[in-house]
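Coordinates as given in target02.csv (CSV, C-alpha atoms):
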chain,number,residue,atom,x,y,z
M,1,MET,CA,117.4,-167.1,29.6
M,2,ASP,CA,116.1,-170.5,30.5
M,3,ALA,CA,112.5,-171.7,29.5
M,4,LEU,CA,110.6,-174.7,30.6
M,5,LEU,CA,108.3,-176.2,27.8
M,6,VAL,CA,105.7,-178.8,28.6
M,7,ASP,CA,103.4,-180.5,26.0
M,8,ASP,CA,102.5,-184.1,25.4
M,9,SER,CA,102.8,-183.6,21.6
M,10,SER,CA,106.3,-184.1,20.3
M,11,THR,CA,105.5,-182.1,17.2
M,12,VAL,CA,104.4,-179.0,19.3
M,13,LEU,CA,107.4,-179.4,21.5
M,14,MET,CA,109.8,-179.4,18.5
M,15,ARG,CA,108.0,-176.4,17.0
M,16,PHE,CA,108.1,-174.2,20.0
M,17,GLN,CA,111.7,-175.3,21.0
M,18,LEU,CA,113.0,-174.3,17.6
M,19,LEU,CA,111.1,-171.1,17.7
M,20,LEU,CA,112.4,-170.1,21.1
M,21,GLU,CA,116.0,-171.2,20.5
M,22,ARG,CA,116.6,-170.0,17.0
M,23,HIS,CA,114.6,-166.8,17.0
M,24,HIS,CA,114.8,-165.6,20.6
M,25,GLY,CA,118.0,-167.2,21.9
M,26,VAL,CA,116.3,-168.9,24.7
M,27,ASN,CA,117.6,-172.2,26.3
M,28,VAL,CA,114.7,-174.6,26.4
M,29,ALA,CA,114.2,-177.7,28.6
M,30,ALA,CA,111.3,-179.6,26.9
M,31,PHE,CA,109.2,-182.3,28.6
M,32,MET,CA,106.3,-184.4,27.4
M,33,HIS,CA,105.3,-185.5,30.9
M,34,PRO,CA,104.1,-182.8,33.4
M,35,GLY,CA,105.3,-184.7,36.4
M,36,ALA,CA,108.9,-184.8,35.2
M,37,ALA,CA,108.7,-181.2,34.2
M,38,LEU,CA,107.5,-180.2,37.7
M,39,LEU,CA,110.3,-182.1,39.3
M,40,ARG,CA,112.8,-180.3,37.1
M,41,ALA,CA,111.3,-177.0,38.0
M,42,GLN,CA,112.0,-177.7,41.7
M,43,MET,CA,115.6,-178.2,40.9
M,44,GLN,CA,116.2,-175.4,38.3
M,45,ALA,CA,115.0,-171.8,38.4
M,46,PHE,CA,113.5,-171.2,35.0
M,47,ASP,CA,112.8,-167.7,33.7
M,48,LEU,CA,109.8,-168.5,31.5
M,49,VAL,CA,107.3,-171.5,31.5
M,50,LEU,CA,105.1,-172.6,28.6
M,51,VAL,CA,102.6,-175.4,29.3
M,52,ASP,CA,99.9,-177.1,27.3
M,53,GLN,CA,96.4,-177.4,28.8
M,54,HIS,CA,95.2,-180.9,27.8
M,55,MET,CA,97.8,-183.5,29.0
M,56,PRO,CA,97.3,-187.0,30.4
M,57,GLY,CA,97.7,-187.3,34.2
M,58,MET,CA,97.8,-183.6,34.9
M,59,ASP,CA,96.3,-180.8,32.9
M,60,GLY,CA,98.0,-177.4,32.4
M,61,THR,CA,95.9,-175.6,35.0
M,62,GLU,CA,96.9,-178.1,37.7
M,63,PHE,CA,100.5,-177.9,36.6
M,64,ILE,CA,100.5,-174.1,36.9
M,65,ARG,CA,98.9,-174.3,40.4
M,66,ARG,CA,101.5,-176.7,41.6
M,67,LEU,CA,104.3,-174.7,39.9
M,68,CYS,CA,103.3,-171.5,41.6
M,69,GLU,CA,103.6,-173.2,45.0
M,70,ILE,CA,107.3,-173.3,44.4
M,71,PRO,CA,108.6,-169.9,45.8
M,72,HIS,CA,110.7,-169.0,42.8
M,73,TYR,CA,107.8,-169.1,40.4
M,74,ALA,CA,105.6,-166.5,42.2
M,75,GLN,CA,106.8,-163.8,39.7
M,76,VAL,CA,107.9,-165.9,36.7
M,77,PRO,CA,105.8,-165.5,33.5
M,78,VAL,CA,103.7,-168.6,32.8
M,79,VAL,CA,102.1,-169.0,29.4
M,80,MET,CA,99.5,-171.5,28.6
M,81,ILE,CA,99.8,-172.9,25.0
M,82,THR,CA,96.5,-174.5,24.0
M,83,SER,CA,93.9,-174.7,21.2
M,84,ASP,CA,91.1,-174.6,23.9
M,85,THR,CA,90.4,-170.9,24.1
M,86,SER,CA,87.1,-171.3,26.1
M,87,GLU,CA,86.5,-168.7,28.8
M,88,ARG,CA,86.3,-171.6,31.4
M,89,VAL,CA,89.8,-172.7,30.6
M,90,LYS,CA,91.2,-169.1,30.5
M,91,LEU,CA,89.6,-168.2,33.9
M,92,ALA,CA,90.8,-171.4,35.6
M,93,ALA,CA,94.3,-170.9,34.2
M,94,ILE,CA,94.4,-167.2,35.3
M,95,GLU,CA,93.3,-168.2,38.8
M,96,ALA,CA,96.0,-170.8,38.9
M,97,GLY,CA,98.7,-168.2,37.9
M,98,ALA,CA,98.9,-168.0,34.1
M,99,THR,CA,100.0,-164.7,32.7
M,100,ASP,CA,99.0,-165.2,29.0
M,101,PHE,CA,97.6,-167.6,26.5
M,102,LEU,CA,98.9,-168.7,23.1
M,103,ASP,CA,96.9,-170.7,20.5
M,104,LYS,CA,99.2,-173.5,19.5
M,105,HIS,CA,97.6,-173.8,16.1
M,106,THR,CA,98.2,-170.2,15.0
M,107,ASP,CA,101.3,-168.6,13.7
M,108,GLY,CA,100.3,-165.0,13.0
M,109,THR,CA,101.6,-161.6,14.0
M,110,GLU,CA,99.7,-161.5,17.2
M,111,PHE,CA,101.1,-164.9,18.3
M,112,HIS,CA,104.7,-163.8,17.7
M,113,VAL,CA,104.2,-160.4,19.4
M,114,ARG,CA,102.7,-161.9,22.5
M,115,LEU,CA,105.4,-164.5,22.7
M,116,ARG,CA,108.1,-161.8,22.3
M,117,ASN,CA,106.4,-159.7,25.0
M,118,GLN,CA,106.4,-162.7,27.4
M,119,ILE,CA,110.1,-163.3,26.7
M,120,ARG,CA,110.9,-159.6,27.4
M,121,LEU,CA,108.9,-159.7,30.6
M,122,ALA,CA,110.8,-162.8,31.7
M,123,ALA,CA,114.1,-161.0,30.9
M,124,ALA,CA,113.0,-158.0,32.9
M,125,MET,CA,112.0,-160.2,35.9
M,126,ARG,CA,115.4,-161.9,35.6
M,127,ARG,CA,117.2,-158.6,35.7
M,128,LEU,CA,115.1,-157.5,38.8
M,129,ASP,CA,116.0,-160.8,40.5
M,130,ASP,CA,119.7,-160.4,39.7
M,131,GLN,CA,119.6,-156.8,41.0
M,132,ALA,CA,117.7,-157.8,44.1
M,133,ALA,CA,120.3,-160.6,44.8
M,134,GLU,CA,123.1,-158.1,44.3
M,135,LEU,CA,121.5,-155.6,46.6
M,136,ALA,CA,120.9,-158.3,49.2
M,137,GLY,CA,124.5,-159.3,49.0
M,138,LYS,CA,125.6,-155.7,49.5
M,139,VAL,CA,123.3,-155.4,52.5
M,140,ARG,CA,124.7,-158.6,54.0
M,141,THR,CA,128.2,-157.3,53.5
M,142,ALA,CA,127.3,-153.9,55.1
M,143,GLU,CA,125.7,-155.7,58.1
M,144,CYS,CA,128.8,-157.8,58.5
M,145,HIS,CA,130.9,-154.7,58.6
M,146,VAL,CA,128.6,-153.1,61.1
M,147,HIS,CA,128.7,-156.2,63.4
M,148,GLU,CA,132.5,-156.3,63.1
M,149,ARG,CA,132.8,-152.7,64.1
M,150,GLU,CA,130.3,-153.2,66.9
M,151,GLU,CA,132.3,-156.2,68.2
M,152,GLU,CA,135.6,-154.3,68.0
M,153,ILE,CA,134.1,-151.3,69.9
M,154,ILE,CA,132.9,-153.6,72.7
M,155,PHE,CA,136.2,-155.3,73.2
M,156,ARG,CA,138.1,-152.0,73.1
M,157,LEU,CA,135.8,-150.4,75.6
M,158,ALA,CA,136.1,-153.5,77.8
M,159,LEU,CA,139.9,-153.3,77.6
M,160,ALA,CA,139.8,-149.6,78.6
M,161,VAL,CA,137.8,-150.5,81.7
M,162,GLU,CA,140.2,-153.3,82.6
M,163,TYR,CA,143.3,-151.1,82.3
M,164,ARG,CA,141.7,-148.9,84.9
M,165,ASP,CA,141.3,-152.0,87.1
M,166,ASN,CA,145.1,-152.8,86.8
M,167,ASP,CA,144.4,-155.7,84.4
M,168,THR,CA,145.8,-156.5,80.9
M,169,GLY,CA,142.7,-157.6,79.1
M,170,HIS,CA,142.9,-161.3,79.8
M,171,HIS,CA,140.0,-161.1,82.2
M,172,THR,CA,137.8,-159.9,79.3
M,173,TRP,CA,138.8,-162.9,77.2
M,174,ARG,CA,138.5,-165.5,80.0
M,175,VAL,CA,135.0,-164.3,81.2
M,176,ALA,CA,133.8,-164.3,77.6
M,177,ARG,CA,135.1,-167.8,76.9
M,178,TYR,CA,133.8,-169.2,80.2
M,179,SER,CA,130.4,-167.6,79.5
M,180,GLN,CA,130.2,-169.0,76.0
M,181,ILE,CA,131.1,-172.5,77.2
M,182,MET,CA,128.4,-172.4,79.8
M,183,ALA,CA,125.9,-171.1,77.4
M,184,GLN,CA,126.7,-174.0,75.0
M,185,ALA,CA,126.4,-176.5,77.9
M,186,LEU,CA,123.0,-175.1,78.7
M,187,GLY,CA,121.9,-175.9,75.1
M,188,LEU,CA,121.3,-172.3,74.0
M,189,ASP,CA,121.3,-171.6,70.3
M,190,ALA,CA,124.5,-170.8,68.6
M,191,ASP,CA,123.6,-167.2,67.9
M,192,LEU,CA,122.8,-166.5,71.5
M,193,CYS,CA,126.0,-168.2,72.7
M,194,HIS,CA,128.0,-166.0,70.4
M,195,ARG,CA,126.2,-162.8,71.5
M,196,ILE,CA,126.8,-163.7,75.2
M,197,TYR,CA,130.5,-164.2,74.3
M,198,LEU,CA,130.6,-160.7,72.7
M,199,ALA,CA,128.5,-158.9,75.3
M,200,SER,CA,130.0,-160.4,78.5
M,201,PRO,CA,133.2,-158.3,78.4
M,202,LEU,CA,131.2,-155.2,79.2
M,203,HIS,CA,129.9,-156.6,82.5
M,204,ASP,CA,132.1,-154.2,84.5
M,205,VAL,CA,131.8,-151.1,82.2
M,206,GLY,CA,130.3,-149.2,85.2
M,207,LYS,CA,133.7,-149.2,86.9
M,208,VAL,CA,134.6,-146.2,84.8
M,209,ALA,CA,132.7,-144.2,87.5
M,210,ILE,CA,134.5,-145.8,90.5
M,211,PRO,CA,137.3,-143.6,92.0
M,212,ASP,CA,140.8,-145.1,91.6
M,213,ASP,CA,141.5,-145.0,95.3
M,214,VAL,CA,138.6,-147.4,95.9
M,215,LEU,CA,139.0,-149.5,92.7
M,216,LEU,CA,142.7,-150.1,93.1
M,217,LYS,CA,142.8,-150.4,96.9
M,218,LYS,CA,144.8,-153.4,98.1
M,219,GLU,CA,143.4,-153.6,101.6
M,220,ARG,CA,140.0,-154.7,102.8
M,221,LEU,CA,137.4,-152.3,101.6
M,222,THR,CA,135.3,-150.4,104.2
M,223,GLU,CA,131.5,-150.7,104.1
M,224,GLU,CA,131.3,-147.3,102.5
M,225,GLU,CA,133.8,-148.2,99.8
M,226,MET,CA,132.0,-151.5,99.2
M,227,ALA,CA,128.8,-149.5,98.6
M,228,THR,CA,130.6,-147.3,96.2
M,229,VAL,CA,131.9,-150.3,94.2
M,230,ARG,CA,128.5,-151.9,94.1
M,231,THR,CA,127.2,-148.9,92.2
M,232,HIS,CA,129.1,-150.0,89.1
M,233,ALA,CA,126.4,-152.5,88.2
M,234,ALA,CA,123.6,-150.0,87.9
M,235,ILE,CA,125.9,-147.5,86.3
M,236,GLY,CA,126.9,-150.0,83.7
M,237,GLU,CA,123.3,-150.8,82.9
M,238,ARG,CA,122.6,-147.1,82.4
M,239,ILE,CA,125.6,-146.6,80.2
M,240,LEU,CA,124.5,-149.4,77.9
M,241,GLY,CA,120.7,-149.3,78.3
M,242,GLU,CA,118.2,-148.4,75.7
M,243,SER,CA,120.5,-149.0,72.8
M,244,PRO,CA,119.1,-149.9,69.4
M,245,SER,CA,121.7,-152.6,69.2
M,246,ARG,CA,120.5,-156.0,70.3
M,247,LEU,CA,124.0,-156.9,71.3
M,248,ILE,CA,124.5,-153.8,73.5
M,249,ARG,CA,121.1,-154.4,75.1
M,250,LEU,CA,122.2,-157.8,76.0
M,251,ALA,CA,125.4,-156.3,77.5
M,252,ALA,CA,123.2,-153.9,79.5
M,253,GLU,CA,121.3,-156.9,81.0
M,254,ILE,CA,124.6,-158.5,81.9
M,255,ALA,CA,126.1,-155.3,83.4
M,256,GLY,CA,123.0,-154.7,85.5
M,257,GLY,CA,122.4,-158.3,86.6
M,258,HIS,CA,125.7,-160.1,87.0
M,259,HIS,CA,125.9,-159.2,90.8
M,260,GLU,CA,122.4,-160.3,91.5
M,261,ARG,CA,122.2,-163.6,93.5
M,262,TRP,CA,119.9,-166.5,93.0
M,263,ASP,CA,118.6,-166.2,96.6
M,264,GLY,CA,117.8,-162.5,96.1
M,265,THR,CA,120.5,-161.0,98.3
M,266,GLY,CA,122.5,-159.5,95.5
M,267,TYR,CA,122.6,-156.0,94.0
M,268,PRO,CA,121.6,-153.5,92.6
M,269,ARG,CA,117.9,-154.6,92.7
M,270,GLY,CA,117.9,-157.7,94.9
M,271,ILE,CA,116.0,-159.8,92.4
M,272,ALA,CA,116.1,-163.5,92.7
M,273,GLY,CA,115.9,-166.8,90.7
M,274,LEU,CA,114.6,-166.7,87.1
M,275,ALA,CA,113.9,-162.9,87.4
M,276,ILE,CA,117.6,-162.4,86.9
M,277,PRO,CA,118.4,-162.4,83.1
M,278,LEU,CA,119.9,-165.7,82.0
M,279,ALA,CA,123.0,-164.1,80.4
M,280,ALA,CA,123.7,-162.3,83.7
M,281,ARG,CA,123.3,-165.6,85.7
M,282,ILE,CA,125.8,-167.2,83.3
M,283,VAL,CA,128.3,-164.3,83.5
M,284,ALA,CA,128.0,-164.2,87.4
M,285,VAL,CA,129.6,-167.7,87.6
M,286,ALA,CA,132.3,-166.9,85.0
M,287,ASP,CA,133.2,-163.6,86.6
M,288,VAL,CA,133.4,-164.9,90.2
M,289,PHE,CA,135.5,-167.9,89.1
M,290,ASP,CA,137.9,-165.7,87.2
M,291,ALA,CA,138.1,-163.3,90.1
M,292,LEU,CA,138.9,-166.1,92.5
M,293,THR,CA,141.6,-167.7,90.3
M,294,THR,CA,143.5,-164.6,89.2
M,295,VAL,CA,145.7,-162.0,91.0
M,296,ARG,CA,143.9,-158.8,91.8
M,297,PRO,CA,145.2,-155.7,93.7
M,298,TYR,CA,143.5,-156.9,96.8
M,299,LYS,CA,144.1,-160.6,96.6
M,300,ASP,CA,146.3,-163.5,95.3
M,301,ALA,CA,145.1,-166.2,93.0
M,302,MET,CA,143.2,-169.2,94.3
M,303,PRO,CA,143.9,-172.7,92.8
M,304,PRO,CA,141.1,-173.5,90.3
M,305,GLU,CA,139.9,-176.7,92.1
M,306,GLU,CA,139.4,-174.7,95.3
M,307,ALA,CA,137.5,-172.0,93.4
M,308,LEU,CA,135.4,-174.7,91.8
M,309,HIS,CA,134.4,-176.1,95.3
M,310,LEU,CA,133.4,-172.5,96.3
M,311,ILE,CA,131.3,-172.2,93.1
M,312,GLU,CA,129.6,-175.5,93.7
M,313,ALA,CA,128.9,-174.6,97.4
M,314,GLU,CA,127.1,-171.4,96.3
M,315,ALA,CA,124.7,-173.2,93.9
M,316,GLY,CA,121.2,-172.3,94.9
M,317,ARG,CA,122.4,-169.3,97.0
M,318,HIS,CA,124.7,-167.1,95.0
M,319,PHE,CA,124.4,-168.9,91.6
M,320,ASP,CA,121.7,-170.4,89.4
M,321,PRO,CA,122.1,-174.2,90.0
M,322,ALA,CA,121.7,-174.9,86.3
M,323,CYS,CA,124.5,-172.5,85.4
M,324,VAL,CA,126.8,-174.2,88.0
M,325,ALA,CA,125.9,-177.6,86.6
M,326,ALA,CA,126.7,-176.3,83.1
M,327,PHE,CA,130.0,-174.9,84.4
M,328,VAL,CA,131.0,-178.2,86.1
M,329,SER,CA,130.0,-180.3,83.0
M,330,ARG,CA,132.6,-178.5,80.9
M,331,TRP,CA,135.3,-178.4,83.6
M,332,ASP,CA,138.0,-179.7,81.4
M,333,GLU,CA,137.6,-176.8,79.0
M,334,ILE,CA,137.3,-174.3,81.8
M,335,LEU,CA,140.5,-175.7,83.4
M,336,ASP,CA,142.4,-175.5,80.1
M,337,ILE,CA,141.6,-171.8,79.8
M,338,CYS,CA,142.4,-171.2,83.5
M,339,ALA,CA,145.7,-173.1,83.2
M,340,THR,CA,146.8,-171.1,80.2
M,341,SER,CA,146.4,-167.9,82.1
M,342,ALA,CA,147.9,-169.4,85.3
M,343,ARG,CA,151.2,-170.1,83.5
M,344,GLY,CA,151.5,-166.4,82.9
M,345,GLN,CA,150.9,-165.2,86.4
M,346,GLY,CA,151.4,-168.3,88.7
M,347,PHE,CA,149.6,-169.0,92.0
M,348,ARG,CA,151.1,-167.2,94.9
M,349,GLY,CA,150.8,-169.7,97.7
M,350,GLU,CA,148.3,-169.2,100.5
M,351,PRO,CA,145.6,-166.6,100.0
M,352,ARG,CA,145.4,-163.5,102.1
M,353,PRO,CA,143.1,-163.6,105.2
M,354,HIS,CA,140.3,-161.6,103.6
M,355,ASP,CA,140.3,-163.9,100.5
M,356,GLN,CA,138.7,-166.6,102.6
M,357,ASP,CA,135.6,-164.4,102.7
M,358,MET,CA,134.1,-165.0,99.3
M,359,PRO,CA,131.7,-162.0,99.2
M,360,GLN,CA,134.6,-159.6,100.1
M,361,ALA,CA,136.9,-161.3,97.6
M,362,VAL,CA,134.6,-160.8,94.6
M,363,ALA,CA,132.8,-157.6,95.5
M,364,ALA,CA,135.4,-155.4,94.0
M,365,GLN,CA,135.9,-157.4,90.9
Write the structure described by the file as structure tokens, please.
Amino acid sequence: MDALLVDDSSTVLMRFQLLLERHHGVNVAAFMHPGAALLRAQMQAFDLVLVDQHMPGMDGTEFIRRLCEIPHYAQVPVVMITSDTSERVKLAAIEAGATDFLDKHTDGTEFHVRLRNQIRLAAAMRRLDDQAAELAGKVRTAECHVHEREEEIIFRLALAVEYRDNDTGHHTWRVARYSQIMAQALGLDADLCHRIYLASPLHDVGKVAIPDDVLLKKERLTEEEMATVRTHAAIGERILGESPSRLIRLAAEIAGGHHERWDGTGYPRGIAGLAIPLAARIVAVADVFDALTTVRPYKDAMPPEEALHLIEAEAGRHFDPACVAAFVSRWDEILDICATSARGQGFRGEPRPHDQDMPQAVAAQ
């Protein structure tokens, strides 16, 4: 146990230091100047504080008041050691935060019992603090495990959806990385950037409800089939909605809003501009770019520079202009990710005729 002892009398300091160290096994830091003692208290968490009342520059009551402003000392026993036992001094010290008083000029049984009780109280408070810290550590560890499991479930569910869509899981990773990079470029805080990275892979979870003969069709989709595909956004939002998990709720926003358009012509609600959740606006750019630059059952891959031109052309119509600007500002990083994937699949020459129609090319993504 560590105690802070403050008294402008070297004799009193020596007396109390010897008493605490020899008879009670307490480590004592002794100070004659209250200002120096207060500075030390800010740097070291003491378990017990004993302070004189009458000192030059700062009396004990003021010292206690300032000490109790330091968060750690809100529950630490603070004993005033003084020969001034007037009610005025006692009341002022109690109001400042003192827990007991000791007459520095007495050495009787009551003195030793009260000192011992304050030491025991300090030891008990120390044990409570240690237990609280241990419990807080266990809670943090448990929360980390929950978050890790939550993240794993998201990625595995996203992979399951992509395997239905004749993919290998790379789309999940690319859209997540593109979205994270854009979120960072927009200046969003690190926690939100990370949550967007984790939630974005579930943007197409609603595709579990789309029939295979429509989802995997290689020819141009009919209007009826396009309408069927478009239901995946609302379905995904229903699957993920109303979750107690903040991360899953963000994924629900993305699933329900990543096909909305800045000009209000998207689906499922036809909302426009800032009414579309920011995370959904970010993922919309990432998802379309990845759909254009990768092979799908209904299309070949488009060179990234050509896809970039299409993205830029749709700023203010399909996409949030700020999100497009963020995407363009980090183009080197985007291109590195795209190039890594392209080496695995290759570009297949000229796109098919229906790939020139951007809405048709990305509607079934």
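When all atoms listed in the file are used to measure the gap to Leu250 (chain M), the shortest distance among M:His105, M:Arg230, M:Lys207, M:His194 belongs to M:His194.
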List the spatial neighbours of Lys104 (chain M) as a PyMOL selection string - criterion: any atom at most 8 Å away, only C-alpha atoms, same-chain residues fewer than 2 positions off excluded.
chain M and resi 12+81-83+102+106-107
Report, in Å to a single decimal, how far apart CA of Ala183 (chain M) and CA of Leu278 (chain M) are.
9.3 Å
Exercise: Val6 (chain M) partners within 12 Å, all atoms listed in the file, chain neighbours under 6 positions left out, as JSON, numbers by chain
{"M": [12, 13, 14, 16, 17, 28, 29, 30, 31, 32, 33, 34, 35, 36, 37, 38, 40, 41, 48, 49, 50, 51, 52, 53, 54, 55, 56, 58, 59, 60, 63, 64, 78, 79, 80, 81, 82]}
For CA of Glu306 (chain M) and CA of Pro277 (chain M), quote the distance in Å rounded to one decimal.
27.2 Å
Point-to-point distance in Å for CA of Phe327 (chain M) and CA of Leu159 (chain M):
24.7 Å
Within 8 Å of Ile210 (chain M), counting all atoms listed in the file, which residues show up once you throw out same-chain ones fewer than 3 positions away? Write them as a ChimeraX atom specification, please.
/M:206-207,214-215,228-229,232
Take the selection from the previous step and output its residues with C-alpha atoms, as a PDB file, in the frame of the given file.
ATOM      1  CA  GLY M 206     130.300-149.200  85.200  1.00  0.00           C
ATOM      2  CA  LYS M 207     133.700-149.200  86.900  1.00  0.00           C
ATOM      3  CA  VAL M 214     138.600-147.400  95.900  1.00  0.00           C
ATOM      4  CA  LEU M 215     139.000-149.500  92.700  1.00  0.00           C
ATOM      5  CA  THR M 228     130.600-147.300  96.200  1.00  0.00           C
ATOM      6  CA  VAL M 229     131.900-150.300  94.200  1.00  0.00           C
ATOM      7  CA  HIS M 232     129.100-150.000  89.100  1.00  0.00           C
TER       8      HIS M 232
END
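Nearest-residue note for His318 (chain M): choosing from M:Asp336, M:Glu260, M:Asp287, M:Asp191, the minimum distance belongs to M:Glu260, counting all atoms listed in the file.
Closest approach to Asp320 (chain M) among M:Leu192, M:Met182, M:Val208, M:Glu223: M:Met182, based on all atoms listed in the file.
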